[in-house]
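Structure below is start.cif: mmCIF, C-alpha atoms.
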```cif
data_target
#
loop_
_atom_site.label_atom_id
_atom_site.label_comp_id
_atom_site.auth_asym_id
_atom_site.auth_seq_id
_atom_site.Cartn_x
_atom_site.Cartn_y
_atom_site.Cartn_z
CA MET B 1 128.59 196.57 -57.14
CA LYS B 2 127.02 195.13 -54.01
CA LYS B 3 125.09 198.37 -53.47
CA LEU B 4 123.77 198.21 -57.04
CA LEU B 5 122.58 194.63 -56.60
CA ALA B 6 120.88 195.54 -53.32
CA ILE B 7 119.04 198.43 -54.98
CA ILE B 8 117.89 196.18 -57.85
CA LEU B 9 116.65 193.53 -55.35
CA VAL B 10 114.64 196.09 -53.35
CA ILE B 11 113.05 197.48 -56.50
CA GLY B 12 112.11 193.94 -57.59
CA LEU B 13 110.49 193.15 -54.25
CA ILE B 14 108.46 196.37 -54.31
CA ALA B 15 107.25 195.65 -57.85
CA ALA B 16 106.25 192.08 -56.92
CA SER B 17 104.28 193.25 -53.90
CA MET B 18 102.46 195.87 -56.01
CA CYS B 19 101.45 193.23 -58.58
CA GLY B 20 99.85 191.12 -55.86
CA CYS B 21 97.63 193.92 -54.49
CA THR B 22 94.25 195.25 -55.61
CA THR B 23 92.28 198.19 -54.38
CA PRO B 24 88.86 197.59 -52.72
CA GLU B 25 87.22 199.06 -55.81
CA GLU B 26 89.04 196.60 -58.10
CA ALA B 27 88.06 193.64 -55.86
CA THR B 28 84.42 194.69 -55.98
CA GLN B 29 84.42 194.95 -59.73
CA THR B 30 85.60 191.36 -60.16
CA ASN B 31 82.46 190.05 -58.33
CA THR B 32 79.74 191.30 -60.67
CA ASP B 33 77.22 188.46 -60.18
CA THR B 34 75.22 189.30 -57.05
CA SER B 35 72.07 187.35 -57.98
CA SER B 36 72.97 184.51 -55.62
CA ALA B 37 74.56 186.60 -52.90
CA VAL B 38 73.61 185.43 -49.40
CA PRO B 39 72.27 188.24 -47.19
CA GLU B 40 74.02 189.15 -43.97
CA ALA B 41 72.50 187.56 -40.86
CA LYS B 42 69.88 189.75 -39.15
CA ASP B 43 68.16 189.72 -35.80
CA PRO B 44 64.90 187.68 -36.19
CA LYS B 45 62.82 190.59 -34.87
CA ASP B 46 64.06 192.70 -37.80
CA ILE B 47 63.16 190.08 -40.44
CA VAL B 48 59.98 190.26 -42.53
CA ILE B 49 58.99 187.21 -44.57
CA GLY B 50 56.41 187.55 -47.32
CA LEU B 51 54.10 184.58 -47.91
CA SER B 52 52.26 184.21 -51.22
CA MET B 53 49.67 181.41 -51.17
CA GLN B 54 48.22 180.17 -54.45
CA THR B 55 44.81 179.74 -52.75
CA LEU B 56 43.13 179.41 -49.37
CA SER B 57 40.05 177.68 -50.79
CA ALA B 58 41.01 174.24 -49.42
CA PRO B 59 41.64 173.27 -45.77
CA TYR B 60 45.14 172.05 -46.65
CA PHE B 61 46.29 175.50 -47.75
CA VAL B 62 44.65 177.21 -44.77
CA ALA B 63 46.50 174.83 -42.44
CA GLN B 64 49.73 175.49 -44.33
CA GLU B 65 49.37 179.26 -44.04
CA ASN B 66 48.56 178.93 -40.33
CA ALA B 67 51.64 176.76 -39.81
CA VAL B 68 53.93 179.28 -41.54
CA LYS B 69 52.55 182.10 -39.42
CA LYS B 70 52.86 180.03 -36.23
CA LYS B 71 56.47 179.10 -36.99
CA CYS B 72 57.36 182.73 -37.77
CA GLU B 73 55.74 183.85 -34.52
CA GLU B 74 57.75 181.28 -32.57
CA LEU B 75 60.95 182.63 -34.13
CA GLY B 76 60.00 186.26 -33.56
CA VAL B 77 59.81 186.92 -37.32
CA LYS B 78 57.10 189.04 -38.92
CA CYS B 79 55.05 187.36 -41.67
CA VAL B 80 53.00 189.18 -44.32
CA SER B 81 50.61 186.81 -46.11
CA MET B 82 48.72 187.18 -49.39
CA ASP B 83 46.09 184.96 -51.03
CA ALA B 84 46.17 184.71 -54.85
CA GLN B 85 42.75 183.01 -54.90
CA GLY B 86 43.95 180.65 -57.61
CA ASP B 87 44.61 183.54 -60.02
CA VAL B 88 48.13 183.81 -61.44
CA ASN B 89 47.67 187.52 -62.20
CA LYS B 90 46.64 188.21 -58.60
CA GLN B 91 49.70 186.32 -57.41
CA ILE B 92 51.97 188.35 -59.68
CA ALA B 93 50.44 191.57 -58.32
CA GLY B 94 50.86 190.28 -54.76
CA ILE B 95 54.55 189.55 -55.32
CA GLU B 96 54.99 193.07 -56.69
CA ASP B 97 53.40 194.39 -53.49
CA LEU B 98 55.74 192.32 -51.31
CA ILE B 99 58.73 193.61 -53.29
CA ALA B 100 57.51 197.17 -52.73
CA GLN B 101 57.33 196.43 -49.00
CA ASN B 102 61.01 195.39 -49.17
CA VAL B 103 60.51 192.10 -47.34
CA ASP B 104 63.63 190.08 -46.57
CA LEU B 105 62.48 186.84 -48.23
CA ILE B 106 59.40 185.53 -50.03
CA ILE B 107 57.89 182.09 -49.53
CA LEU B 108 56.01 181.30 -52.73
CA ASN B 109 53.35 178.63 -53.17
CA PRO B 110 52.99 179.13 -56.95
CA THR B 111 49.70 179.06 -58.83
CA ASP B 112 51.42 178.13 -62.08
CA PRO B 113 54.88 176.61 -62.64
CA LYS B 114 55.69 178.79 -65.66
CA GLY B 115 53.51 181.81 -64.97
CA MET B 116 55.48 182.71 -61.83
CA ILE B 117 58.94 182.61 -63.44
CA PRO B 118 59.04 186.39 -64.13
CA SER B 119 58.01 187.12 -60.52
CA THR B 120 60.92 185.11 -59.14
CA LYS B 121 63.31 186.96 -61.42
CA ALA B 122 61.83 190.29 -60.31
CA CYS B 123 62.53 189.24 -56.71
CA THR B 124 66.14 188.44 -57.59
CA LYS B 125 66.52 191.83 -59.26
CA ALA B 126 65.21 193.46 -56.07
CA GLY B 127 67.64 191.45 -53.95
CA ILE B 128 64.90 189.35 -52.34
CA PRO B 129 65.47 185.57 -52.19
CA VAL B 130 62.57 183.20 -52.92
CA VAL B 131 61.84 179.83 -51.33
CA ILE B 132 59.21 177.69 -53.07
CA MET B 133 56.73 175.82 -50.86
CA ASP B 134 54.58 172.82 -51.75
CA ASN B 135 53.80 173.29 -55.44
CA SER B 136 56.46 172.80 -58.09
CA ILE B 137 57.87 175.56 -60.28
CA ASP B 138 59.73 175.56 -63.59
CA PRO B 139 63.48 174.95 -63.09
CA SER B 140 64.31 178.16 -64.95
CA ALA B 141 62.78 180.21 -62.12
CA ASP B 142 65.02 181.93 -59.57
CA TYR B 143 64.73 180.34 -56.15
CA VAL B 144 66.84 179.08 -53.27
CA SER B 145 65.07 175.78 -52.64
CA LEU B 146 61.81 173.90 -53.25
CA ILE B 147 60.28 172.26 -50.19
CA GLN B 148 57.47 169.77 -50.62
CA SER B 149 56.30 166.30 -49.71
CA ASN B 150 57.57 163.59 -52.04
CA ASN B 151 54.55 163.57 -54.36
CA VAL B 152 55.80 160.89 -56.73
CA ALA B 153 56.84 158.56 -53.90
CA ASN B 154 53.55 159.09 -52.04
CA GLY B 155 51.65 158.33 -55.24
CA GLU B 156 53.70 155.19 -55.85
CA LEU B 157 52.96 153.88 -52.35
CA VAL B 158 49.22 154.55 -52.78
CA GLY B 159 49.33 152.86 -56.20
CA GLN B 160 51.04 149.80 -54.74
CA TRP B 161 48.43 149.61 -52.00
CA LEU B 162 45.65 149.89 -54.59
CA GLY B 163 47.13 147.09 -56.69
CA GLU B 164 47.30 144.82 -53.66
CA LYS B 165 43.81 145.82 -52.45
CA MET B 166 42.21 145.14 -55.84
CA LYS B 167 44.25 142.00 -56.63
CA GLY B 168 42.33 139.80 -59.07
CA THR B 169 39.78 142.52 -59.89
CA PRO B 170 40.20 144.58 -63.07
CA ILE B 171 40.31 148.25 -62.13
CA LYS B 172 38.06 150.73 -63.94
CA MET B 173 39.43 154.00 -62.67
CA ALA B 174 38.44 157.65 -62.70
CA LEU B 175 41.09 160.26 -61.92
CA LEU B 176 40.03 163.30 -59.93
CA SER B 177 42.61 166.04 -60.52
CA GLY B 178 43.12 169.53 -59.13
CA ASN B 179 43.73 171.95 -61.97
CA GLN B 180 45.34 171.68 -65.39
CA GLY B 181 49.05 172.47 -65.68
CA ASN B 182 49.73 171.89 -61.98
CA MET B 183 52.95 169.87 -61.73
CA LEU B 184 52.14 168.72 -58.20
CA GLY B 185 49.03 166.98 -59.51
CA VAL B 186 50.95 165.47 -62.42
CA ASP B 187 53.53 164.01 -60.04
CA ARG B 188 50.85 162.54 -57.81
CA ARG B 189 48.81 160.81 -60.50
CA GLU B 190 51.88 159.58 -62.37
CA GLY B 191 53.18 158.18 -59.09
CA VAL B 192 49.93 156.29 -58.50
CA ILE B 193 49.95 154.85 -62.01
CA ARG B 194 53.59 153.81 -61.67
CA GLY B 195 53.01 152.14 -58.29
CA LEU B 196 49.85 150.41 -59.50
CA THR B 197 51.61 149.11 -62.60
CA GLU B 198 54.50 147.68 -60.60
CA ALA B 199 52.17 146.07 -58.04
CA GLN B 200 50.05 144.35 -60.67
CA LEU B 201 53.09 143.14 -62.58
CA ARG B 202 54.56 141.76 -59.37
CA LEU B 203 51.33 140.05 -58.33
CA ASP B 204 49.86 138.92 -61.67
CA ASN B 205 52.57 139.38 -64.32
CA LYS B 206 50.23 141.75 -66.16
CA THR B 207 48.36 145.02 -65.75
CA SER B 208 44.59 145.09 -65.47
CA PHE B 209 43.50 148.68 -65.06
CA THR B 210 41.84 151.21 -67.32
CA ILE B 211 41.46 154.95 -66.76
CA LEU B 212 37.97 155.64 -68.07
CA THR B 213 37.79 159.37 -67.37
CA GLN B 214 39.35 162.34 -65.61
CA GLY B 215 37.60 165.13 -63.73
CA TRP B 216 38.87 168.45 -62.37
CA GLY B 217 37.91 169.44 -58.83
CA ALA B 218 40.05 172.53 -58.14
CA TRP B 219 41.48 170.88 -54.98
CA SER B 220 38.32 171.56 -52.94
CA THR B 221 35.59 169.36 -51.44
CA ASP B 222 32.84 171.16 -53.36
CA GLY B 223 34.87 170.89 -56.55
CA GLY B 224 35.42 167.19 -55.95
CA LEU B 225 31.70 166.68 -55.36
CA LYS B 226 30.73 168.36 -58.63
CA ALA B 227 33.47 166.63 -60.63
CA ALA B 228 32.52 163.23 -59.19
CA GLU B 229 28.88 163.78 -60.09
CA ASP B 230 29.96 164.36 -63.69
CA ILE B 231 32.28 161.35 -63.56
CA LEU B 232 29.46 159.05 -62.44
CA VAL B 233 27.42 160.14 -65.46
CA ALA B 234 30.31 159.89 -67.93
CA ALA B 235 31.62 156.55 -66.63
CA PRO B 236 28.98 154.71 -64.59
CA ASP B 237 31.02 151.47 -64.56
CA ILE B 238 33.98 152.77 -62.53
CA ASN B 239 34.97 150.87 -59.39
CA VAL B 240 37.83 153.14 -58.24
CA ILE B 241 38.25 156.90 -57.89
CA VAL B 242 41.77 158.18 -57.29
CA ALA B 243 41.89 161.84 -56.25
CA GLU B 244 44.99 163.99 -56.13
CA ASN B 245 44.12 165.22 -52.64
CA ASP B 246 41.83 164.31 -49.74
CA SER B 247 39.55 167.33 -50.05
CA MET B 248 38.42 166.32 -53.53
CA ALA B 249 38.15 162.68 -52.48
CA LEU B 250 35.86 163.65 -49.60
CA GLY B 251 33.65 165.48 -52.08
CA ALA B 252 33.69 162.42 -54.36
CA LEU B 253 32.60 160.24 -51.43
CA LYS B 254 29.53 162.44 -50.98
CA ALA B 255 28.63 162.04 -54.65
CA VAL B 256 29.18 158.28 -54.58
CA THR B 257 27.10 157.92 -51.40
CA ALA B 258 24.26 159.98 -52.88
CA ALA B 259 24.33 157.77 -55.98
CA GLY B 260 23.98 154.64 -53.83
CA LYS B 261 27.39 153.29 -54.93
CA LYS B 262 29.35 153.62 -51.69
CA ASP B 263 29.96 149.85 -51.53
CA LYS B 264 30.82 149.57 -55.21
CA ILE B 265 33.44 152.30 -55.66
CA LEU B 266 36.72 152.41 -53.73
CA ILE B 267 37.92 155.94 -53.06
CA CYS B 268 41.52 156.86 -52.24
CA ALA B 269 43.82 159.86 -52.57
CA ALA B 270 47.42 160.29 -53.66
CA ALA B 271 48.15 162.71 -50.85
CA ASP B 272 47.32 164.85 -47.86
CA ALA B 273 46.29 162.84 -44.74
CA GLN B 274 43.48 165.26 -43.95
CA LYS B 275 41.98 164.60 -40.51
CA GLU B 276 38.49 163.92 -41.87
CA ALA B 277 39.91 161.41 -44.36
CA LEU B 278 41.85 159.61 -41.65
CA GLU B 279 38.71 159.32 -39.55
CA LEU B 280 36.95 157.63 -42.47
CA ILE B 281 39.94 155.36 -43.08
CA LYS B 282 39.65 154.23 -39.45
CA LYS B 283 35.98 153.35 -40.12
CA GLY B 284 36.81 151.52 -43.34
CA GLU B 285 34.81 153.98 -45.47
CA TYR B 286 37.84 155.42 -47.31
CA GLY B 287 40.70 153.46 -48.82
CA ALA B 288 44.05 155.17 -48.30
CA THR B 289 45.96 158.41 -48.69
CA GLY B 290 49.56 159.59 -48.99
CA LEU B 291 51.31 161.56 -46.25
CA ASN B 292 51.44 165.25 -47.09
CA ASP B 293 51.46 167.10 -43.78
CA PRO B 294 50.96 170.84 -44.47
CA ALA B 295 52.35 171.79 -41.07
CA LEU B 296 55.52 169.77 -41.64
CA VAL B 297 56.05 171.22 -45.13
CA ALA B 298 55.40 174.74 -43.79
CA SER B 299 57.73 174.49 -40.79
CA THR B 300 60.47 172.93 -42.94
CA THR B 301 60.07 175.80 -45.41
CA VAL B 302 60.42 178.47 -42.72
CA ASP B 303 63.43 176.69 -41.23
CA THR B 304 65.04 176.59 -44.68
CA ALA B 305 64.31 180.28 -45.24
CA MET B 306 65.91 181.19 -41.90
CA ARG B 307 68.97 179.04 -42.65
CA TYR B 308 69.48 181.03 -45.85
CA LEU B 309 68.92 184.38 -44.16
CA ASN B 310 71.50 183.36 -41.56
CA GLY B 311 74.10 182.78 -44.25
CA ASP B 312 73.87 179.03 -44.91
CA THR B 313 74.98 178.36 -48.51
CA ASN B 314 74.67 174.55 -48.35
CA ILE B 315 70.93 174.31 -48.96
CA PRO B 316 69.71 171.63 -51.42
CA LYS B 317 67.69 172.81 -54.40
CA LEU B 318 64.99 170.26 -53.49
CA ILE B 319 63.94 169.18 -49.99
CA ASN B 320 61.34 166.40 -49.62
CA THR B 321 59.57 165.27 -46.47
CA ASP B 322 59.34 161.51 -45.97
CA PRO B 323 56.60 159.66 -47.93
CA ALA B 324 54.10 157.15 -46.52
CA VAL B 325 50.80 155.49 -47.43
CA ILE B 326 48.19 155.70 -44.67
CA THR B 327 45.74 152.79 -44.46
CA LYS B 328 43.43 151.27 -41.88
CA GLU B 329 46.37 149.23 -40.60
CA ASN B 330 48.57 152.22 -39.67
CA VAL B 331 46.19 155.21 -39.47
CA ASP B 332 46.47 155.50 -35.67
CA LYS B 333 50.14 156.40 -36.11
CA TYR B 334 49.23 159.53 -38.10
CA TYR B 335 45.82 160.62 -36.78
CA ARG B 336 45.78 163.67 -34.48
CA ALA B 337 42.43 164.84 -33.18
CA ASP B 338 43.80 168.36 -32.51
CA ALA B 339 45.34 168.81 -35.99
CA ASP B 340 44.36 171.93 -37.94
CA PHE B 341 44.03 169.77 -41.05
#
```
Target encoding C-alpha cells, full file:
Amino acid sequence: MKKLLAIILVIGLIAASMCGCTTPEEATQTNTDTSSAVPEAKDPKDIVIGLSMQTLSAPYFVAQENAVKKKCEELGVKCVSMDAQGDVNKQIAGIEDLIAQNVDLIILNPTDPKGMIPSTKACTKAGIPVVIMDNSIDPSADYVSLIQSNNVANGELVGQWLGEKMKGTPIKMALLSGNQGNMLGVDRREGVIRGLTEAQLRLDNKTSFTILTQGWGAWSTDGGLKAAEDILVAAPDINVIVAENDSMALGALKAVTAAGKKDKILICAAADAQKEALELIKKGEYGATGLNDPALVASTTVDTAMRYLNGDTNIPKLINTDPAVITKENVDKYYRADADF
C-alpha cells in the first residue's frame, strides 16, 4: 500500500512540473506584439541615426540640424540627415530612404502632424523607432517621445509681458504665423492670447485687444518681410505684431522700418531667442521673445534617442525644455555671441 501511494505521489509531482513548463517556441508565441519592443543595446560606433528635417530654410532649423550632428559626433554615432524642404511628400520619400538604409532610429521633425502618421507606422513595421523633435505630431502616430520647448508656456509668458508692456493702451494686433496646419504655431499663438488675456484681466479687469489680421511667413525672414508688407496694407492701424518665431519677426521689423512705423508698432515673438533678435532686444528695438533653444532641443532629443537604444523603457511621451520670456531686463542671461542661432 505504501509503495502504491509513493508511486501515485511521484506521478503527481511529474505531472505538476510538466504543467508549469513551456517550450521556447511556446513562450515566443505568447509575445506577439513587438511594435514597442526595445532594441538591444549596441556600441555607439555601430549606431546610425536618421534625421529628417522639415526644412532648412530658416536659421533655427539649420542650427538644430547642426546641433544634432554635433551631439552624434560627440557620442561616436553616425547621423544621416535629410531636408524635406517644407514638402510633406519629400519627407515621406526621405523616410522611405532611411528605412531602406536600415538605420537604427529616426529623429523626425515633421512637416505636417497628420501627413507623417503613415511614415511613423512604416518605421514601426520595419522595426525602427521614431523620436519626434520640435514640431508636434498627431497622437495616433507611432513614436517613442516628442521633445520640444514648451510652446504654450513660452507663448503665455510673452503674452503676459505684452499685457504689462501695453497696460492702458488698447492693442490692435496682427499675427504673423508660420504655415497653416502647423500645431507648433497654433500652440504658440494660443499661448500668447491666453497670457495676454490673463494679464489684462489681472491689471484692468477687462480685455482690450483686437486681432485685426493674420499673415503667413513660412517661418523665414524673407517670408516675414513679405507677409508684414501685406499686413501693413490690410491693417494700417495695428500697433503690435506678434510673430510665431524670431525669423519672421525680424523680417516684419524690416517692413515696419521701411514704412516709417518703427516707433509706432511693437514687435515681439512667441519663441526662439535668435541671436539677432536678442541683440535688438538689448538695444530696445525689439520687444521680447520666448526661449526656444534649438541646440538644447536637439541635444535633448539625441540623448533621449540614445536612452531608448540603450534599453531605457521609462521615457515620457512628452519632454519639454524649460520656458522663459526674454526681455531687455534679462537678455544678458541668454545672449551668446558665439551661438549658431
Need the shell around segment 203-218 of chain B: protein/DNA/RNA residues with any atom at most 10 Å away, counting only C-alpha atoms. Skip same-chain ones fewer than 5 positions apart. Format as a PyMOL selection string? chain B and resi 57-58+86+163-164+166-180+193+196-198+223-232+234-238+240-245+247-249+251-252
Quick one: which residues end up in the PyMOL selection byres ((chain B and resi 315) around 12) for this structure, as a ChimeraX atom specification? /B:38,131,143-147,301,303-314,316-319
Selection dump of the PyMOL selection byres ((chain B and resi 61) around 12), as an NGL selection string: :B and (51-60 or 62-68 or 83-86 or 109-110 or 133-135 or 219-220 or 245 or 247 or 272 or 274 or 292-295 or 297-298 or 340-341)
One decimal, in Å: what's the spacing between atom CA of Leu280 of chain B and atom CA of Asp222 of chain B?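 Interatomic distance here is 17.8 Å.
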Which polymer residues, whether protein, DNA or RNA, lie within 9 Å of the coordinate (60.9, 185.9, -33.6) when you count all atoms listed in the file? List them as a ChimeraX atom specification, using the chain letters and numbers from the file. /B:43-47,71-78
Name the residues captured by the PyMOL selection byres ((chain B and resi 184) around 9) when it is applied to the shown file; answer as a PyMOL selection string. chain B and resi 134-136+151-152+181-183+185-189+244
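Put simply, atom CA of Ile281 of chain B is 14.5 Å away from atom CA of Ile265 of chain B.
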Go through B:Ile137, B:Gln148, B:Asp332, B:Ala337 and flag the residue nearest Asp112 of chain B, using all atoms listed in the file for the distances.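 Nearest candidate to Asp112 of chain B out of B:Ile137, B:Gln148, B:Asp332, B:Ala337: B:Ile137.
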First collect every listed atom of segment 203-210 of chain B; then fit an axis-aligned box around them, widen it by 3 Å on each side, and give centre and edge lengths in Å to one decimal, as AutoDock Vina command-line options.
```
--center_x 47.2 --center_y 145.1 --center_z -62.8 --size_x 16.7 --size_y 18.3 --size_z 15.0
```
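Of the listed residues B:Lys70, B:Lys328, B:Pro139, B:Ile99, the one whose atoms come nearest to Leu296 of chain B is B:Lys70, with distances taken using all atoms listed in the file.
Of note, atom CA of Thr257 of chain B and atom CA of Pro323 of chain B are spaced 29.8 Å apart.
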Smallest atom-to-atom distance to Lys254 of chain B: which of B:Leu108, B:Leu201, B:Glu285, B:Cys123, using all atoms listed in the file? B:Glu285
Just want the 12 Å neighbourhood of Ile95 of chain B, counted on only C-alpha atoms, with same-chain residues fewer than 5 positions away dropped. Output as a PyMOL selection string. chain B and resi 49-54+80-84+88-90+100-103+105-110+116-124+126+128+130
Could you list as JSON, numbers by chain every residue that has an atom within 6 Å of (49.0, 155.8, -48.4), using the file's coordinates and counting only C-alpha atoms? {"B": [157, 158, 288, 289, 290, 324, 325, 326, 327]}
With all atoms listed in the file as the atoms that count, which of B:Val233, B:Ala273, B:Leu291, B:Leu278 lies nearest to Ala259 of chain B?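 Answer, going by the shortest atom-to-atom distance: B:Val233.
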Using all atoms listed in the file, which residues sit within 7 Å of Glu156 of chain B once same-chain residues fewer than 4 positions away are excluded, as a CSV table (one decimal) with C-alpha atoms, keeping the file's coordinate frame?
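Written output follows (selection-v7.csv):
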```csv
chain,number,residue,atom,x,y,z
B,152,VAL,CA,55.8,160.9,-56.7
B,160,GLN,CA,51.0,149.8,-54.7
B,191,GLY,CA,53.2,158.2,-59.1
B,192,VAL,CA,49.9,156.3,-58.5
B,194,ARG,CA,53.6,153.8,-61.7
B,195,GLY,CA,53.0,152.1,-58.3
```
